[in-house]
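> File my_file.txt below, compact mmCIF, C-alpha atoms and all ligand atoms:
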```txt
# COMPACT_ATOMS: atom_id res chain seq x y z
CA MET A 1 60.15 50.71 8.45
CA PHE A 2 60.78 48.80 5.24
CA LYS A 3 58.24 46.33 3.95
CA THR A 4 59.75 42.84 3.89
CA LYS A 5 58.01 41.79 0.69
CA SER A 6 56.64 44.12 -1.95
CA VAL A 7 55.25 43.56 -5.40
CA ASN A 8 56.09 45.77 -8.33
CA TYR A 9 52.61 45.88 -9.85
CA LYS A 10 53.86 47.70 -12.95
CA GLU A 11 56.27 44.93 -13.89
CA CYS A 12 53.83 42.23 -12.84
CA LYS A 13 50.94 42.35 -15.24
CA SER A 14 48.57 39.82 -16.77
CA VAL A 15 48.39 39.39 -20.55
CA SER A 16 45.07 41.27 -20.59
CA ASP A 17 46.57 44.19 -18.65
CA ASN A 18 48.15 45.25 -21.95
CA GLY A 19 46.92 48.81 -22.52
CA GLU A 20 44.65 48.17 -25.50
CA TYR A 21 42.07 45.94 -23.79
CA PRO A 22 41.70 47.93 -20.54
CA GLU A 23 41.60 51.19 -22.52
CA LEU A 24 38.77 49.79 -24.68
CA ALA A 25 36.92 48.65 -21.55
CA LEU A 26 37.29 52.15 -20.10
CA LYS A 27 36.05 53.75 -23.32
CA ALA A 28 33.07 51.38 -23.41
CA ALA A 29 32.27 52.26 -19.80
CA LEU A 30 32.26 56.00 -20.53
CA ASP A 31 31.05 56.32 -24.11
CA PRO A 32 27.55 55.04 -25.05
CA VAL A 33 28.50 54.45 -28.70
CA THR A 34 31.51 52.25 -27.78
CA PHE A 35 29.40 50.50 -25.13
CA SER A 36 26.82 49.60 -27.75
CA VAL A 37 29.37 47.60 -29.81
CA PHE A 38 32.30 46.72 -27.52
CA ARG A 39 31.73 42.94 -27.60
CA ARG A 40 32.72 42.84 -31.29
CA HIS A 41 35.81 45.02 -31.08
CA HIS A 42 39.05 43.17 -31.98
CA ASN A 43 40.78 44.51 -28.85
CA TYR A 44 38.00 42.93 -26.81
CA THR A 45 37.54 39.62 -28.67
CA ARG A 46 41.26 38.90 -28.28
CA ILE A 47 40.62 38.56 -24.55
CA LEU A 48 36.92 37.51 -24.30
CA GLU A 49 33.83 36.81 -26.42
CA HIS A 50 35.64 34.30 -28.61
CA VAL A 51 33.79 31.04 -27.87
CA SER A 52 33.74 29.17 -31.19
CA ARG A 53 30.74 27.60 -32.95
CA LYS A 54 32.06 24.10 -32.12
CA GLU A 55 32.46 24.95 -28.43
CA GLY A 56 29.03 26.62 -28.43
CA GLU A 57 27.49 23.39 -29.77
CA GLN A 58 29.31 21.35 -27.12
CA TYR A 59 28.03 23.62 -24.31
CA LEU A 60 24.51 23.47 -25.78
CA ASN A 61 24.55 19.66 -25.89
CA ILE A 62 25.55 19.45 -22.22
CA ILE A 63 22.92 22.03 -21.19
CA ARG A 64 20.22 20.09 -23.03
CA ARG A 65 21.28 16.51 -22.29
CA GLU A 66 22.85 16.63 -18.85
CA TYR A 67 20.86 19.52 -17.38
CA LYS A 68 17.64 18.78 -19.33
CA MET A 69 17.08 22.43 -20.12
CA LYS A 70 14.59 23.28 -22.87
CA ASP A 71 15.48 25.72 -25.65
CA ASP A 72 12.85 28.30 -24.52
CA GLU A 73 14.39 28.39 -21.07
CA ILE A 74 17.92 28.68 -22.50
CA PHE A 75 16.93 31.70 -24.61
CA GLN A 76 15.12 33.26 -21.63
CA ILE A 77 18.15 32.95 -19.32
CA LEU A 78 20.59 34.19 -21.99
CA LYS A 79 18.41 37.19 -22.90
CA PRO A 80 20.42 39.77 -20.86
CA LEU A 81 23.59 38.76 -22.79
CA MET A 82 22.13 38.61 -26.29
CA LYS A 83 21.98 42.31 -27.19
CA VAL A 84 23.92 44.74 -25.01
CA GLY A 85 27.39 45.40 -26.50
CA ASN A 86 26.28 43.88 -29.84
CA PRO A 87 27.76 40.36 -29.38
CA LYS A 88 28.27 38.07 -32.33
CA LEU A 89 25.32 35.64 -32.44
CA LEU A 90 25.73 32.30 -34.21
CA ARG A 91 23.25 29.92 -35.79
CA LEU A 92 23.82 26.52 -34.16
CA LYS A 93 22.60 23.15 -35.40
CA GLY A 94 19.05 22.43 -34.18
CA LEU A 95 18.38 25.88 -32.67
CA SER A 96 15.61 28.05 -34.11
CA ASN A 97 17.38 31.39 -33.49
CA LYS A 98 20.93 32.70 -33.39
CA ILE A 99 22.58 32.61 -29.96
CA SER A 100 25.60 33.95 -28.03
CA THR A 101 28.12 31.10 -27.69
CA THR A 102 29.83 32.96 -24.82
CA GLY A 103 26.41 33.10 -23.13
CA LEU A 104 26.13 29.31 -23.54
CA ARG A 105 29.52 28.88 -21.85
CA TYR A 106 28.39 31.05 -18.90
CA LEU A 107 25.16 29.03 -18.62
CA LYS A 108 26.94 25.65 -18.68
CA ILE A 109 29.40 26.86 -16.02
CA ALA A 110 26.57 28.29 -13.88
CA LEU A 111 24.81 24.90 -14.00
CA ASP A 112 28.06 23.14 -12.98
CA ILE A 113 28.41 25.56 -10.05
CA LYS A 114 24.77 25.03 -9.03
CA LYS A 115 25.46 21.29 -8.95
CA ILE A 116 28.20 21.96 -6.36
CA THR A 117 26.45 24.60 -4.24
CA GLY A 118 22.76 23.82 -4.48
CA ARG A 119 20.20 26.63 -4.64
CA ASN A 120 21.95 29.05 -2.27
CA ILE A 121 25.57 29.93 -3.01
CA GLY A 122 25.95 32.56 -0.24
CA ASN A 123 28.54 35.35 -0.59
CA VAL A 124 30.39 35.10 -3.89
CA VAL A 125 33.71 36.60 -4.98
CA GLU A 126 34.86 36.56 -8.61
CA ILE A 127 38.38 37.37 -9.81
CA GLY A 128 38.68 38.54 -13.45
CA CYS A 129 35.04 39.00 -14.41
CA GLY A 130 35.00 40.25 -18.03
CA TYR A 131 31.91 42.49 -18.17
CA GLY A 132 30.04 40.52 -15.49
CA GLY A 133 28.34 37.97 -17.80
CA GLN A 134 29.00 34.96 -15.55
CA ALA A 135 27.51 36.81 -12.56
CA ILE A 136 24.39 37.81 -14.50
CA ILE A 137 23.67 34.21 -15.53
CA LEU A 138 24.41 32.83 -12.04
CA ASP A 139 22.06 35.42 -10.54
CA GLN A 140 19.19 33.93 -12.53
CA LEU A 141 19.86 30.33 -11.44
CA ILE A 142 21.01 30.54 -7.81
CA LYS A 143 20.22 32.59 -4.71
CA ILE A 144 23.25 34.83 -4.07
CA GLU A 145 23.67 36.76 -0.79
CA SER A 146 26.27 39.20 -2.16
CA TYR A 147 28.68 39.40 -5.11
CA THR A 148 32.18 40.90 -5.03
CA PHE A 149 33.95 41.58 -8.32
CA TYR A 150 37.75 41.98 -8.57
CA ASP A 151 39.24 43.14 -11.85
CA LEU A 152 41.40 45.91 -13.34
CA TRP A 153 40.10 49.43 -12.52
CA GLN A 154 39.15 50.22 -16.14
CA VAL A 155 37.32 46.89 -16.51
CA ASN A 156 35.54 47.50 -13.19
CA LEU A 157 33.87 50.60 -14.65
CA LEU A 158 32.61 48.51 -17.58
CA ILE A 159 31.32 45.80 -15.22
CA LYS A 160 29.47 48.50 -13.30
CA ARG A 161 27.86 49.88 -16.44
CA PHE A 162 26.86 46.42 -17.70
CA ILE A 163 25.51 45.27 -14.32
CA GLU A 164 23.56 48.49 -13.74
CA ASP A 165 22.08 48.17 -17.25
CA SER A 166 20.94 44.58 -16.55
CA ASN A 167 18.39 43.10 -14.15
CA PHE A 168 21.13 41.79 -11.79
CA SER A 169 19.30 41.44 -8.47
CA THR A 170 22.14 40.90 -5.97
CA THR A 171 23.90 43.58 -3.91
CA TYR A 172 27.47 43.92 -5.15
CA THR A 173 30.88 45.52 -4.64
CA ILE A 174 33.49 46.11 -7.34
CA SER A 175 37.14 46.62 -6.52
CA THR A 176 40.76 46.20 -7.51
CA ILE A 177 42.98 44.06 -5.29
CA LYS A 178 45.01 47.17 -4.34
CA GLU A 179 41.96 49.02 -3.01
CA ASP A 180 41.16 48.88 0.67
CA SER A 181 37.94 46.99 0.05
CA PHE A 182 38.40 44.43 2.82
CA LYS A 183 36.66 46.55 5.47
CA CYS A 184 33.52 45.85 3.49
CA ARG A 185 34.00 42.05 3.38
CA ASN A 186 37.02 39.79 3.89
CA SER A 187 35.60 36.28 3.66
CA TRP A 188 33.32 34.52 1.21
CA ASP A 189 31.42 31.28 0.69
CA PHE A 190 32.35 30.75 -2.95
CA CYS A 191 35.15 31.98 -5.22
CA ILE A 192 35.02 31.89 -9.03
CA SER A 193 37.83 32.68 -11.44
CA ASN A 194 37.56 31.29 -14.94
CA TYR A 195 40.43 31.78 -17.39
CA ALA A 196 41.52 34.68 -15.18
CA PHE A 197 43.50 33.76 -12.01
CA SER A 198 45.41 31.33 -14.25
CA GLU A 199 46.47 34.23 -16.52
CA LEU A 200 48.06 36.22 -13.70
CA PRO A 201 51.79 36.34 -12.86
CA LYS A 202 52.83 34.34 -9.82
CA ALA A 203 53.40 37.37 -7.56
CA ILE A 204 49.87 38.68 -8.22
CA GLN A 205 48.42 35.16 -7.78
CA GLU A 206 50.12 35.10 -4.38
CA ILE A 207 48.24 38.24 -3.34
CA TYR A 208 44.89 36.80 -4.49
CA ILE A 209 45.66 33.54 -2.68
CA ASN A 210 46.38 35.32 0.62
CA LYS A 211 43.60 37.90 0.44
CA ILE A 212 40.82 35.91 -1.23
CA LEU A 213 41.34 32.21 -2.06
CA ASN A 214 42.41 31.38 1.51
CA LYS A 215 39.44 33.39 2.83
CA THR A 216 36.85 31.45 0.84
CA LYS A 217 35.07 28.24 1.89
CA LYS A 218 34.87 26.76 -1.63
CA GLY A 219 36.28 27.65 -5.01
CA PHE A 220 35.86 26.91 -8.71
CA MET A 221 38.46 28.01 -11.25
CA LEU A 222 38.84 27.02 -14.90
CA MET A 223 42.57 27.13 -15.50
CA ASN A 224 44.42 27.81 -18.74
CA SER A 225 47.95 27.72 -17.32
CA GLY A 226 48.61 24.02 -17.93
CA VAL A 227 50.24 21.55 -15.57
CA SER A 228 53.49 23.49 -15.08
CA GLY A 229 51.92 26.91 -14.49
CA LYS A 230 52.48 29.05 -17.56
CA PHE A 231 50.17 31.36 -19.53
CA GLY A 232 51.91 32.59 -22.69
CA LYS A 233 55.25 33.86 -21.38
CA ILE A 234 53.87 34.41 -17.88
CA LYS A 235 55.09 31.97 -15.27
CA ASN A 236 52.73 31.24 -12.40
CA HIS A 237 51.65 28.52 -9.94
CA SER A 238 51.79 24.93 -11.14
CA GLN A 239 48.99 22.43 -10.57
CA LYS A 240 51.08 20.73 -7.88
CA GLU A 241 51.73 23.98 -6.01
CA LEU A 242 48.04 24.90 -6.04
CA LEU A 243 47.05 21.44 -4.80
CA ASN A 244 49.43 21.97 -1.86
CA ILE A 245 48.34 25.54 -1.11
CA LEU A 246 44.54 25.20 -1.28
CA ARG A 247 42.55 23.21 1.27
CA ASN A 248 40.88 20.04 -0.09
CA ALA A 249 41.85 20.91 -3.66
CA SER A 250 40.99 18.66 -6.61
CA ILE A 251 41.70 18.67 -10.34
CA TYR A 252 39.08 17.74 -12.95
CA ASN A 253 38.92 17.78 -16.73
CA GLU A 254 37.63 20.95 -18.37
CA ILE A 255 34.48 19.80 -20.19
CA PRO A 256 34.46 20.46 -23.06
CA LEU A 257 38.23 20.81 -23.31
CA THR A 258 38.83 24.19 -24.99
CA HIS A 259 42.63 24.10 -24.94
CA ILE A 260 45.21 21.40 -24.37
CA ASN A 261 46.07 21.00 -20.65
CA ASN A 262 43.23 23.25 -19.41
CA TYR A 263 41.69 21.96 -16.19
CA LEU A 264 39.12 22.68 -13.50
CA LEU A 265 40.48 23.37 -10.02
CA THR A 266 38.10 23.22 -7.05
CA TRP A 267 38.82 23.49 -3.35
CA GLY A 268 37.18 23.51 0.05
CA GLY A 269 34.10 21.65 1.21
CA ASP A 270 34.39 17.92 1.81
CA ASN A 271 35.77 16.75 -1.57
C1 LIG B 1 40.20 35.92 -20.34
S1 LIG B 1 39.29 37.05 -19.36
C2 LIG B 1 38.12 35.97 -18.56
C3 LIG B 1 36.87 36.71 -18.15
C4 LIG B 1 35.76 35.87 -17.52
N1 LIG B 1 36.20 35.20 -16.31
C5 LIG B 1 35.20 34.86 -18.50
O1 LIG B 1 35.20 33.66 -18.18
O2 LIG B 1 34.74 35.26 -19.56
C6 LIG B 1 40.45 37.49 -18.08
C7 LIG B 1 39.90 38.50 -17.07
O3 LIG B 1 40.89 38.75 -16.08
C8 LIG B 1 40.93 40.15 -15.85
N2 LIG B 1 42.22 40.56 -15.26
C9 LIG B 1 43.41 40.83 -15.87
N3 LIG B 1 44.34 41.18 -14.95
C10 LIG B 1 43.73 41.13 -13.74
C11 LIG B 1 44.14 41.38 -12.41
N4 LIG B 1 45.39 41.78 -12.12
N5 LIG B 1 43.23 41.23 -11.40
C12 LIG B 1 41.97 40.82 -11.66
N6 LIG B 1 41.52 40.56 -12.91
C13 LIG B 1 42.38 40.72 -13.93
C14 LIG B 1 40.65 40.74 -17.22
O4 LIG B 1 40.28 42.09 -17.18
C15 LIG B 1 39.50 39.84 -17.66
O5 LIG B 1 38.28 40.28 -17.13
```
Would you mind giving the structure from this file in structure tokens?
Ligand SMILES: C[S@@+](CC[C@H](N)C(=O)[O-])C[C@H]1O[C@@H](n2cnc3c(N)ncnc32)[C@H](O)[C@@H]1O


Amino acid sequence: MFKTKSVNYKECKSVSDNGEYPELALKAALDPVTFSVFRRHHNYTRILEHVSRKEGEQYLNIIRREYKMKDDEIFQILKPLMKVGNPKLLRLKGLSNKISTTGLRYLKIALDIKKITGRNIGNVVEIGCGYGGQAIILDQLIKIESYTFYDLWQVNLLIKRFIEDSNFSTTYTISTIKEDSFKCRNSWDFCISNYAFSELPKAIQEIYINKILNKTKKGFMLMNSGVSGKFGKIKNHSQKELLNILRNASIYNEIPLTHINNYLLTWGGDN
């Protein structure tokens, strides 16, 4: 029997599936010396850990003003992301100590998600998870029943190392989309994919839509593929297509806006 539709995974890769970044992630997962500094490596900061000082200040302002969080509490929540992997820490206006601007982004996003879900988010699935930083911050703010990570296999090993090294308290599964992980779980309450689903080629997005997005009650994705559906040279789903495909989907501004035409896509629930 021939399969009616197949995807050539080798020809269908995201920008980050470029050899150098996954190889660095693999090295960091296996070698303690690389792990101790990976968040500063140029092959890593091209893909993640590049939140600017200006963006960091914008996230901090929102966390303080809108979410009324005190500086002590901010430093306490960000603690697990301030040292491991030797991230660049920046001195921001009005803060007594240097801070991880990427950590501030994860905290602002976690607070936005908490506003949508309340205190219990249920079973979470994340697509394109970096080293697991967003999950670690969410875990401190919200009750999570289970967490499923989907990323490239090399990156998955790094996520595992980082998560095991942290005080992450939720039971978790880590997988690639090709693995037969769906016996374990095949539906979720909440899906997250920030600057990740939007970087994937259309054929791979299609797989994630069928296997995960359509199997999730609610979703939250920060998109950097613009209105027409393009990341760099990679063509993928447009805003209009996603609004048609996903149940109860809505588009919002990315706040703060970190790149022209970025947007927040949510779906599910009653919105
Ligand atoms: C720009 S990073 C964003 C990471 C994280 N969401 C954040 O907000 O910091 C893109 C992520 O997508 C992952 N990725 C690349 N190709 C992927 C694929 N085919 N399936 C799942 N994740 C993928 C990368 O390894 C990386 O973790």

> Nearest residue to ligand LIG 1 (chain B) out of A:Ser187, A:Asn214, A:Thr176, A:Gln140, using all atoms listed in the file?

A:Thr176

> Kindly provide, as a PyMOL selection string, all nucleotide and amino acid residues lying within 6 Å of ligand LIG 1 (chain B), counting all atoms listed in the file.

chain A and resi 14+16-17+47-48+127-130+150-152+155+193-196

> Please report the interatomic distance between CA of Pro201 in chain A and CA of Lys230 in chain A in Å with one decimal.

8.7 Å

> Compile the contact shell of Val227 in chain A as a short mmCIF file (atom, residue, chain, number, x, y, z; two decimals) with C-alpha atoms, in the frame of the given file: residues with an atom at most 8 Å away, counting all atoms listed in the file, same-chain residues fewer than 3 positions apart removed.


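This went into selection_30.cif:
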```
data_model
loop_
_atom_site.label_atom_id
_atom_site.label_comp_id
_atom_site.auth_asym_id
_atom_site.auth_seq_id
_atom_site.Cartn_x
_atom_site.Cartn_y
_atom_site.Cartn_z
CA SER A 238 51.79 24.93 -11.14
CA GLN A 239 48.99 22.43 -10.57
CA LYS A 240 51.08 20.73 -7.88
CA ASN A 261 46.07 21.00 -20.65
#
```

> Smallest atom-to-atom distance to Glu66 in chain A: which of A:Asp112, A:Glu241, A:Glu199, A:Glu179, using only C-alpha atoms?

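Distance minimum relative to Glu66 in chain A lands on A:Asp112.
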
> Mind checking which residues fall within 6 Å of range 242-252 of chain A, counting all atoms listed in the file, ignoring those fewer than 3 positions away in the same chain, and posting them as a compact mmCIF listing (two decimals) with C-alpha atoms, in the frame of the given file?


```
# COMPACT_ATOMS: atom_id res chain seq x y z
CA GLN A 239 48.99 22.43 -10.57
CA TYR A 263 41.69 21.96 -16.19
CA LEU A 264 39.12 22.68 -13.50
CA LEU A 265 40.48 23.37 -10.02
CA THR A 266 38.10 23.22 -7.05
CA TRP A 267 38.82 23.49 -3.35
CA GLY A 268 37.18 23.51 0.05
```

> How far is it from CA of Asn262 in chain A to CA of Tyr59 in chain A, in Å with one decimal?

16.0 Å

> For Thr170 in chain A, please output as a list in words all residues within 12 Å (counting all atoms listed in the file; exclusion window: fewer than 4 positions along the same chain).

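Here the answer would be Ile121, Gly122, Asn123, Val124, Ala135, Ile136, Ile137, Leu138, Asp139, Gln140, Ile142, Lys143, Ile144, Glu145, Ser146, Tyr147, Thr148, Ile163, Glu164 and Ser166 of chain A.
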
> Separation of CA of Gly103 in chain A and CA of Phe149 in chain A, in Å?

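These two atoms are separated by 18.7 Å.
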
> Using all atoms listed in the file, find the one residue out of A:Phe75, A:Tyr106, A:Trp188, A:Phe162 that sits nearest to Glu49 in chain A.

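Answer, going by the shortest atom-to-atom distance: A:Tyr106.
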
> Write out as a Markdown table a residue-level contact list of range 73-126 of chain A versus range 32-44 of chain A with cut-off 10 Å: for each qualifying residue the closest pair of atoms and the distance in Å to one decimal, counting only C-alpha atoms, rows sorted by chain and residue number upward.


```
| residue | atom | partner | partner_atom | distance |
| --- | --- | --- | --- | --- |
| A:Lys83 | CA | A:Ser36 | CA | 8.8 |
| A:Val84 | CA | A:Ser36 | CA | 6.3 |
| A:Gly85 | CA | A:Ser36 | CA | 4.4 |
| A:Asn86 | CA | A:Val37 | CA | 4.8 |
| A:Pro87 | CA | A:Arg39 | CA | 5.1 |
| A:Lys88 | CA | A:Arg40 | CA | 6.6 |
```

> Would you export the selected residues with C-alpha atoms as a JSON list (two decimals), in the frame of the given file, please?


```json
[["chain", "number", "residue", "atom", "x", "y", "z"],
["A", 83, "LYS", "CA", 21.98, 42.31, -27.19],
["A", 84, "VAL", "CA", 23.92, 44.74, -25.01],
["A", 85, "GLY", "CA", 27.39, 45.40, -26.50],
["A", 86, "ASN", "CA", 26.28, 43.88, -29.84],
["A", 87, "PRO", "CA", 27.76, 40.36, -29.38],
["A", 88, "LYS", "CA", 28.27, 38.07, -32.33]]
```

> Could the centre and edge lengths of an axis-aligned box, enclosing all atoms of range 61-75 of chain A in the file with 3 Å extra on each side, be given in Å to one decimal as JSON?


```
{"center_x": 19.2, "center_y": 24.1, "center_z": -21.6, "size_x": 18.7, "size_y": 21.2, "size_z": 14.5}
```
